[in-house]
Amino acid sequence: MQKHYTISGNCLVEGDGEESTVTLYIAPNEAERRYLVEVLQIDEHTLNSALDPDEQPRLEFEPNHVAIIYKRPRNYSAEEEFLFKVASVGMFLFKDRLILVASENDGIFEARPMTKVKSLTHVMLKLIFFSISHFLGHLKVIQMISDELEHKINAGMDNRYLLNLFTLEKSLVYYLNALNSNGLLIERLRNTSAKVGIGGEELEYLDDILIENNQCYKQAEIYSNVLSGLMDARASIVSNNLNVLMKSLTMITIAIMVPTFVVSAFSMNVSIPLQHNPFAFIIIMGLAAASVLSLLAIWRIKKL
C-alpha cells in the first residue's frame, strides 16, 4: 500500500504518484519490495530492518541516499491488555524524494498536520519529533492507567490488577529502550548533519529534538522506577497479608482442637474420672469453654 505526499505552501499534503516527493509504503508487497530494492537501490537488509519491530535505530550512508531507522510507539489497542508496543519506521532520503517504509498504517501523518516544512530533511526531522510527542502522550496514558489500577488494588487485592501493573512495567521497559536508541540516532544525526544535509534552522531544530527526547526518556525512567517500586510494595503487602491470614487460621485451628481434645478425653470407652458424677457433662463443657477462653486470652495478650 502506498500513500503519496508533496510539500505545498510549507505544508505536507497528499498528492498523486507523479508529483509526490514523499512516499509512504505500508507493509510493502513483493512488487513494491522489488521496486525499492532494484530500482531505488535500497539495501534489502535495511528494508527488512525497517519492518522489524525489534530492530535498533541506526543511520547508514548509501551511495545515492541516507537510510534512517527510528522507533515510534504503536497505536494502543484494548485487546492488548495494557501492553504498549513500539514499531520501527525506515526513512530513505534521496536528493529529490523521501521514502518511508512502515509495517502498518498507524497514522504516521494522520496523527497531526505537518506544517511549516521547507524541505525533505525538515519533514524527516518532524517525523522524529512527532514520534517523541507520541511517546509522551502514551506516558501520560500509562500514568493514568497505573493510578486507576492502584485504586482498584487498594479496594481489592485481585491478581488481575497486579498482572496489569506488571504489563505496564514491561511496556515502559520497551519505551525506555526505544527512547534511548532514538537518542543515540539523533546524536549521530547531529554529528553528521553536514553529510546528511541538515543546517541552519534545521540544525537548531535537531538540537531541540534531542532535548525533547532526553526529557521524554527521563520521564519514562521516573514512571518505570515508580511502577517498579509500587510492584515491589504490592508484593510485600500481599506476602504480609498472607502471613497474617495464616496466623489467624492457625489460631482458629488450635482454638478448635483444644476443646475437641478435652471432650474426646472424657468420651473414651474406659474408666475415667467424673463418669459417675451427675454434673459431668456440665464440668466437661466448662473445661472445654475455659480452654477456648484461655487460648483467646493468650492470643490477645501476645497480640497487644
# chains A, B, ... in the order shown; residues from 1 in each chain; ligands from 1

$ residues_around --residues "A:Leu163" --least-positions-apart "3" --cutoff "12 Å" --atoms "only C-alpha atoms" --output "CSV table (one decimal) with C-alpha atoms, in the first residue's frame"
chain,number,residue,atom,x,y,z
A,81,GLU,CA,-4.4,-5.7,27.8
A,82,PHE,CA,-2.3,-2.7,28.8
A,83,LEU,CA,0.8,-3.7,26.7
A,146,SER,CA,-1.4,2.9,36.8
A,149,LEU,CA,-5.1,0.2,38.9
A,150,GLU,CA,-3.6,1.3,42.2
A,153,ILE,CA,-5.8,-2.9,44.1
A,157,MET,CA,-6.3,-7.5,46.0
A,158,ASP,CA,-7.1,-9.0,42.7
A,159,ASN,CA,-4.3,-10.8,40.8
A,160,ARG,CA,-5.6,-9.4,37.5
A,166,PHE,CA,3.3,-5.8,35.5
A,167,THR,CA,2.3,-5.4,31.9
A,168,LEU,CA,2.6,-1.6,32.2
A,169,GLU,CA,6.0,-2.0,33.7
A,170,LYS,CA,7.0,-4.3,30.8
A,231,MET,CA,5.0,-3.6,42.3
A,234,ARG,CA,2.4,-4.6,46.5
A,235,ALA,CA,4.2,-7.9,46.6

$ residues_around --residues "A:Ile108" --least-positions-apart "6" --cutoff "9 Å" --atoms "only C-alpha atoms" --output "list of chain:residue names"
A:Ala102, A:Leu127, A:Phe130, A:Ser131

$ write_last_selection --atoms "N, CA and C atoms" --output "PDB file, in the first residue's frame"
ATOM      1  N   ALA A 102       6.908   1.459   6.549  1.00  0.00           N
ATOM      2  CA  ALA A 102       6.382   1.070   7.855  1.00  0.00           C
ATOM      3  C   ALA A 102       5.654  -0.260   7.725  1.00  0.00           C
ATOM      4  N   LEU A 127       9.101  14.088  11.589  1.00  0.00           N
ATOM      5  CA  LEU A 127       8.604  12.742  11.889  1.00  0.00           C
ATOM      6  C   LEU A 127       9.248  12.191  13.162  1.00  0.00           C
ATOM      7  N   PHE A 130       7.599  14.031  15.998  1.00  0.00           N
ATOM      8  CA  PHE A 130       6.242  13.525  16.229  1.00  0.00           C
ATOM      9  C   PHE A 130       6.264  12.215  17.008  1.00  0.00           C
ATOM     10  N   SER A 131       7.258  11.372  16.746  1.00  0.00           N
ATOM     11  CA  SER A 131       7.349  10.106  17.482  1.00  0.00           C
ATOM     12  C   SER A 131       7.618  10.361  18.959  1.00  0.00           C
TER      13      SER A 131
END

$ residues_around --residues "A:Thr21" --least-positions-apart "6" --cutoff "10 Å" --atoms "only C-alpha atoms" --output "MDAnalysis selection string"
chainID A and resid 4:7 12 15 94:99 119:120

$ write_last_selection --atoms "C-alpha atoms" --output "PDB file, in the first residue's frame"
ATOM      1  CA  HIS A   4       1.896   9.986  -1.682  1.00  0.00           C
ATOM      2  CA  TYR A   5       2.560  13.446  -0.293  1.00  0.00           C
ATOM      3  CA  THR A   6       4.081  16.673  -1.513  1.00  0.00           C
ATOM      4  CA  ILE A   7       5.214  19.936   0.060  1.00  0.00           C
ATOM      5  CA  LEU A  12       2.770  18.452   3.609  1.00  0.00           C
ATOM      6  CA  GLY A  15      -0.584  14.297  -3.791  1.00  0.00           C
ATOM      7  CA  PHE A  94      17.286  10.888  -1.650  1.00  0.00           C
ATOM      8  CA  LYS A  95      18.159  14.210  -3.281  1.00  0.00           C
ATOM      9  CA  ASP A  96      14.669  14.735  -4.642  1.00  0.00           C
ATOM     10  CA  ARG A  97      12.465  12.384  -2.620  1.00  0.00           C
ATOM     11  CA  LEU A  98      11.855  10.857   0.767  1.00  0.00           C
ATOM     12  CA  ILE A  99      10.757   7.221   1.027  1.00  0.00           C
ATOM     13  CA  SER A 119      12.477  20.688   2.779  1.00  0.00           C
ATOM     14  CA  LEU A 120      12.594  16.914   2.835  1.00  0.00           C
TER      15      LEU A 120
END

$ residues_around --residues "A:Val66" --least-positions-apart "6" --cutoff "9 Å" --atoms "only C-alpha atoms" --output "list in words"
Leu59, Glu60, Met91, Phe92, Leu93, Phe94 and Val196 of chain A

$ write_last_selection --atoms "C-alpha atoms" --output "JSON list (two decimals), in the first residue's frame"
[["chain", "number", "residue", "atom", "x", "y", "z"],
["A", 59, "LEU", "CA", 21.86, 5.78, 10.47],
["A", 60, "GLU", "CA", 23.54, 4.48, 7.31],
["A", 91, "MET", "CA", 13.29, 6.69, 6.15],
["A", 92, "PHE", "CA", 15.33, 6.79, 2.96],
["A", 93, "LEU", "CA", 16.37, 10.31, 2.00],
["A", 94, "PHE", "CA", 17.29, 10.89, -1.65],
["A", 196, "VAL", "CA", 23.03, 14.43, 5.76]]

$ residues_around --residues "A:Arg190" --least-positions-apart "5" --cutoff "12 Å" --atoms "only C-alpha atoms" --output "PyMOL selection string"
chain A and resi 59+125+183-185+195-199+202-210

$ write_last_selection --atoms "N, CA, C and O atoms" --output "mmCIF file, in the first residue's frame"
data_model
loop_
_atom_site.group_PDB
_atom_site.id
_atom_site.type_symbol
_atom_site.label_atom_id
_atom_site.label_comp_id
_atom_site.auth_asym_id
_atom_site.auth_seq_id
_atom_site.Cartn_x
_atom_site.Cartn_y
_atom_site.Cartn_z
ATOM 1 N N LEU A 59 21.678 4.870 11.599
ATOM 2 C CA LEU A 59 21.864 5.777 10.468
ATOM 3 C C LEU A 59 22.933 5.182 9.561
ATOM 4 O O LEU A 59 24.024 4.840 10.028
ATOM 5 N N LEU A 125 12.926 15.324 10.059
ATOM 6 C CA LEU A 125 13.100 15.719 11.454
ATOM 7 C C LEU A 125 11.750 15.841 12.160
ATOM 8 O O LEU A 125 11.622 15.496 13.343
ATOM 9 N N GLY A 183 17.649 8.408 20.939
ATOM 10 C CA GLY A 183 18.574 9.452 21.363
ATOM 11 C C GLY A 183 19.951 9.291 20.733
ATOM 12 O O GLY A 183 20.569 10.270 20.292
ATOM 13 N N LEU A 184 20.428 8.058 20.679
ATOM 14 C CA LEU A 184 21.715 7.801 20.034
ATOM 15 C C LEU A 184 21.655 8.126 18.538
ATOM 16 O O LEU A 184 22.614 8.664 17.963
ATOM 17 N N LEU A 185 20.524 7.816 17.906
ATOM 18 C CA LEU A 185 20.352 8.133 16.494
ATOM 19 C C LEU A 185 20.371 9.646 16.275
ATOM 20 O O LEU A 185 21.017 10.144 15.340
ATOM 21 N N LYS A 195 26.828 16.025 6.425
ATOM 22 C CA LYS A 195 26.788 14.948 5.443
ATOM 23 C C LYS A 195 25.351 14.589 5.064
ATOM 24 O O LYS A 195 25.068 14.219 3.915
ATOM 25 N N VAL A 196 24.433 14.724 6.032
ATOM 26 C CA VAL A 196 23.028 14.426 5.756
ATOM 27 C C VAL A 196 22.373 15.565 4.985
ATOM 28 O O VAL A 196 21.421 15.347 4.229
ATOM 29 N N GLY A 197 22.879 16.783 5.162
ATOM 30 C CA GLY A 197 22.287 17.949 4.507
ATOM 31 C C GLY A 197 21.432 18.776 5.439
ATOM 32 O O GLY A 197 20.523 19.487 4.998
ATOM 33 N N ILE A 198 21.729 18.699 6.739
ATOM 34 C CA ILE A 198 20.981 19.457 7.745
ATOM 35 C C ILE A 198 21.825 20.653 8.166
ATOM 36 O O ILE A 198 22.992 20.502 8.544
ATOM 37 N N GLY A 199 21.244 21.837 8.112
ATOM 38 C CA GLY A 199 21.972 23.037 8.502
ATOM 39 C C GLY A 199 21.024 24.169 8.825
ATOM 40 O O GLY A 199 19.813 24.094 8.598
ATOM 41 N N GLU A 202 17.306 24.095 10.646
ATOM 42 C CA GLU A 202 17.059 22.665 10.857
ATOM 43 C C GLU A 202 18.021 22.092 11.889
ATOM 44 O O GLU A 202 17.651 21.185 12.650
ATOM 45 N N LEU A 203 19.241 22.605 11.929
ATOM 46 C CA LEU A 203 20.211 22.143 12.919
ATOM 47 C C LEU A 203 19.777 22.553 14.322
ATOM 48 O O LEU A 203 19.911 21.771 15.277
ATOM 49 N N GLU A 204 19.240 23.759 14.467
ATOM 50 C CA GLU A 204 18.705 24.185 15.761
ATOM 51 C C GLU A 204 17.492 23.328 16.149
ATOM 52 O O GLU A 204 17.310 22.983 17.322
ATOM 53 N N TYR A 205 16.687 23.014 15.163
ATOM 54 C CA TYR A 205 15.529 22.164 15.415
ATOM 55 C C TYR A 205 15.960 20.773 15.865
ATOM 56 O O TYR A 205 15.348 20.165 16.744
ATOM 57 N N LEU A 206 17.054 20.282 15.287
ATOM 58 C CA LEU A 206 17.588 18.976 15.679
ATOM 59 C C LEU A 206 18.054 19.004 17.130
ATOM 60 O O LEU A 206 17.872 18.018 17.869
ATOM 61 N N ASP A 207 18.653 20.111 17.554
ATOM 62 C CA ASP A 207 19.061 20.245 18.959
ATOM 63 C C ASP A 207 17.840 20.207 19.879
ATOM 64 O O ASP A 207 17.875 19.595 20.952
ATOM 65 N N ASP A 208 16.766 20.877 19.467
ATOM 66 C CA ASP A 208 15.532 20.853 20.258
ATOM 67 C C ASP A 208 14.962 19.437 20.350
ATOM 68 O O ASP A 208 14.456 19.022 21.401
ATOM 69 N N ILE A 209 15.039 18.694 19.243
ATOM 70 C CA ILE A 209 14.543 17.312 19.236
ATOM 71 C C ILE A 209 15.338 16.460 20.219
ATOM 72 O O ILE A 209 14.769 15.637 20.951
ATOM 73 N N LEU A 210 16.650 16.656 20.255
ATOM 74 C CA LEU A 210 17.496 15.895 21.175
ATOM 75 C C LEU A 210 17.121 16.193 22.630
ATOM 76 O O LEU A 210 17.042 15.280 23.465
#

$ closest_residue --among "A:Ala297, A:Met257, A:Leu136, A:Ile283" --to "A:Asn213" --atoms "only C-alpha atoms"
A:Leu136

$ atom_distance --atom1 "atom CA of A:Ile69" --atom2 "atom CA of A:Ser88"
6.6 Å

$ closest_residue --among "A:Ala194, A:Leu176, A:Ile282, A:Leu295" --to "A:Thr253" --atoms "only C-alpha atoms"
A:Leu295

$ closest_residue --among "A:Ile42, A:Leu296, A:Leu139, A:Ile211" --to "A:Phe61" --atoms "only C-alpha atoms"
A:Ile42

$ select_by_dssp --residues "stretch 68-294 of chain A" --states "alpha helix (DSSP H)" --output "MDAnalysis selection string"
chainID A and resid 120:155 159:191 193:196 201:265 280:294

$ closest_atom_pairs --of "stretch 64-148 of chain A" --to "stretch 47-57 of chain A" --cutoff "10 Å" --atoms "only C-alpha atoms" --output "CSV"
residue,atom,partner,partner_atom,distance
A:Ala67,CA,A:Leu47,CA,9.3
A:Ile68,CA,A:Pro57,CA,7.3
A:Ile69,CA,A:Pro57,CA,4.8
A:Tyr70,CA,A:Pro57,CA,4.5
A:Lys71,CA,A:Pro57,CA,6.5
A:Arg72,CA,A:Pro53,CA,9.5
A:Arg74,CA,A:Pro53,CA,9.8
A:Lys85,CA,A:Pro53,CA,8.8
A:Val86,CA,A:Pro53,CA,6.6
A:Ala87,CA,A:Pro53,CA,4.5
A:Ser88,CA,A:Pro53,CA,5.0
A:Val89,CA,A:Ala50,CA,5.2
A:Gly90,CA,A:Ala50,CA,4.5
A:Met91,CA,A:Ala50,CA,8.2
A:Phe92,CA,A:Leu47,CA,9.5
A:Leu100,CA,A:Ala50,CA,9.0
A:Val101,CA,A:Ala50,CA,6.4
A:Ala102,CA,A:Leu51,CA,5.9
A:Ser103,CA,A:Leu51,CA,4.9
A:Glu104,CA,A:Leu51,CA,8.7

$ write_last_selection --atoms "all heavy atoms" --output "compact mmCIF listing (two decimals), in the first residue's frame"
# COMPACT_ATOMS: atom_id res chain seq x y z
N ALA A 67 19.94 6.27 4.81
CA ALA A 67 18.96 5.37 5.41
C ALA A 67 18.90 5.60 6.90
O ALA A 67 19.93 5.60 7.59
CB ALA A 67 19.31 3.92 5.10
N ILE A 68 17.69 5.80 7.41
CA ILE A 68 17.47 6.04 8.84
C ILE A 68 16.36 5.12 9.32
O ILE A 68 15.31 5.03 8.69
CB ILE A 68 17.08 7.51 9.12
CG1 ILE A 68 18.22 8.45 8.70
CG2 ILE A 68 16.74 7.70 10.59
CD1 ILE A 68 17.84 9.91 8.82
N ILE A 69 16.59 4.45 10.43
CA ILE A 69 15.57 3.63 11.08
C ILE A 69 15.38 4.18 12.49
O ILE A 69 16.35 4.32 13.24
CB ILE A 69 15.97 2.15 11.12
CG1 ILE A 69 16.07 1.59 9.71
CG2 ILE A 69 14.96 1.34 11.94
CD1 ILE A 69 16.54 0.15 9.65
N TYR A 70 14.16 4.51 12.84
CA TYR A 70 13.87 5.03 14.17
C TYR A 70 12.66 4.30 14.75
O TYR A 70 11.94 3.60 14.04
CB TYR A 70 13.64 6.55 14.14
CG TYR A 70 12.32 6.98 13.52
CD1 TYR A 70 11.24 7.32 14.33
CD2 TYR A 70 12.16 7.08 12.15
CE1 TYR A 70 10.04 7.73 13.77
CE2 TYR A 70 10.97 7.47 11.58
CZ TYR A 70 9.91 7.81 12.40
OH TYR A 70 8.71 8.20 11.84
N LYS A 71 12.45 4.48 16.05
CA LYS A 71 11.36 3.80 16.75
C LYS A 71 10.24 4.79 17.05
O LYS A 71 10.48 5.97 17.34
CB LYS A 71 11.87 3.20 18.07
CG LYS A 71 13.12 2.37 17.94
CD LYS A 71 12.91 1.12 17.14
CE LYS A 71 12.17 0.07 17.91
NZ LYS A 71 12.09 -1.22 17.20
N ARG A 72 9.03 4.29 16.97
CA ARG A 72 7.85 5.08 17.35
C ARG A 72 6.85 4.15 18.02
O ARG A 72 6.83 2.94 17.75
CB ARG A 72 7.23 5.77 16.13
CG ARG A 72 6.53 4.84 15.17
CD ARG A 72 6.09 5.56 13.90
NE ARG A 72 5.34 6.76 14.18
CZ ARG A 72 4.02 6.80 14.35
NH1 ARG A 72 3.32 5.69 14.28
NH2 ARG A 72 3.40 7.93 14.57
N ARG A 74 3.46 2.19 18.82
CA ARG A 74 2.30 1.73 18.05
C ARG A 74 1.03 2.24 18.71
O ARG A 74 0.98 2.47 19.92
CB ARG A 74 2.27 0.20 18.01
CG ARG A 74 3.38 -0.42 17.17
CD ARG A 74 3.34 -1.92 17.23
NE ARG A 74 2.03 -2.45 16.85
CZ ARG A 74 1.69 -3.73 16.94
NH1 ARG A 74 2.55 -4.61 17.40
NH2 ARG A 74 0.49 -4.12 16.57
N LYS A 85 3.29 -1.22 22.74
CA LYS A 85 4.38 -1.74 21.93
C LYS A 85 5.00 -0.63 21.07
O LYS A 85 4.43 0.45 20.92
CB LYS A 85 3.87 -2.86 21.02
CG LYS A 85 3.29 -4.06 21.77
CD LYS A 85 2.80 -5.13 20.82
CE LYS A 85 2.23 -6.32 21.56
NZ LYS A 85 1.74 -7.37 20.63
N VAL A 86 6.17 -0.92 20.53
CA VAL A 86 6.87 0.01 19.66
C VAL A 86 7.04 -0.63 18.28
O VAL A 86 7.00 -1.85 18.14
CB VAL A 86 8.24 0.41 20.23
CG1 VAL A 86 8.08 1.16 21.54
CG2 VAL A 86 9.12 -0.81 20.43
N ALA A 87 7.24 0.22 17.29
CA ALA A 87 7.43 -0.24 15.92
C ALA A 87 8.60 0.50 15.29
O ALA A 87 9.02 1.56 15.78
CB ALA A 87 6.16 -0.02 15.09
N SER A 88 9.14 -0.07 14.25
CA SER A 88 10.24 0.55 13.51
C SER A 88 9.71 1.22 12.25
O SER A 88 8.75 0.74 11.64
CB SER A 88 11.30 -0.48 13.13
OG SER A 88 11.85 -1.09 14.29
N VAL A 89 10.33 2.32 11.88
CA VAL A 89 10.00 3.03 10.64
C VAL A 89 11.30 3.34 9.92
O VAL A 89 12.27 3.79 10.54
CB VAL A 89 9.22 4.33 10.92
CG1 VAL A 89 8.94 5.07 9.61
CG2 VAL A 89 7.93 4.05 11.65
N GLY A 90 11.32 3.07 8.62
CA GLY A 90 12.50 3.36 7.82
C GLY A 90 12.31 4.61 6.98
O GLY A 90 11.26 4.80 6.36
N MET A 91 13.29 5.48 6.99
CA MET A 91 13.29 6.69 6.15
C MET A 91 14.51 6.65 5.24
O MET A 91 15.64 6.46 5.71
CB MET A 91 13.31 7.96 7.02
CG MET A 91 12.07 8.14 7.87
SD MET A 91 12.00 9.77 8.70
CE MET A 91 13.40 9.65 9.82
N PHE A 92 14.26 6.83 3.96
CA PHE A 92 15.33 6.79 2.96
C PHE A 92 15.32 8.12 2.22
O PHE A 92 14.41 8.39 1.42
CB PHE A 92 15.12 5.61 2.02
CG PHE A 92 15.03 4.28 2.74
CD1 PHE A 92 13.79 3.77 3.11
CD2 PHE A 92 16.16 3.57 3.08
CE1 PHE A 92 13.68 2.57 3.79
CE2 PHE A 92 16.07 2.35 3.76
CZ PHE A 92 14.82 1.85 4.12
N LEU A 100 9.38 6.48 2.86
CA LEU A 100 9.11 5.95 4.20
C LEU A 100 8.57 4.54 4.09
O LEU A 100 7.74 4.26 3.21
CB LEU A 100 8.08 6.83 4.93
CG LEU A 100 8.44 8.31 5.10
CD1 LEU A 100 7.26 9.08 5.64
CD2 LEU A 100 9.63 8.47 6.02
N VAL A 101 9.02 3.67 4.97
CA VAL A 101 8.57 2.27 4.98
C VAL A 101 8.16 1.92 6.40
O VAL A 101 8.93 2.09 7.35
CB VAL A 101 9.68 1.32 4.50
CG1 VAL A 101 9.19 -0.12 4.55
CG2 VAL A 101 10.13 1.68 3.09
N ALA A 102 6.91 1.46 6.55
CA ALA A 102 6.38 1.07 7.86
C ALA A 102 5.65 -0.26 7.72
O ALA A 102 5.15 -0.61 6.65
CB ALA A 102 5.45 2.14 8.41
N SER A 103 5.58 -0.99 8.82
CA SER A 103 4.95 -2.31 8.80
C SER A 103 3.43 -2.24 8.86
O SER A 103 2.75 -3.17 8.47
CB SER A 103 5.47 -3.16 9.96
OG SER A 103 5.20 -2.53 11.20
N GLU A 104 2.89 -1.12 9.38
CA GLU A 104 1.44 -0.99 9.49
C GLU A 104 1.05 0.48 9.44
O GLU A 104 1.87 1.36 9.70
CB GLU A 104 0.93 -1.63 10.77
CG GLU A 104 1.53 -1.04 12.03
CD GLU A 104 1.07 -1.76 13.28
OE1 GLU A 104 0.70 -2.94 13.19
OE2 GLU A 104 1.09 -1.14 14.35

$ closest_residue --among "A:Ile26, A:Met124, A:Lys140, A:Asn64" --to "A:Gly107" --atoms "only C-alpha atoms"
A:Ile26

$ atom_distance --atom1 "atom CA of A:Val39" --atom2 "atom CA of A:Asn10"
29.2 Å

$ atom_distance --atom1 "atom CA of A:Tyr175" --atom2 "atom CA of A:Thr46"
22.2 Å
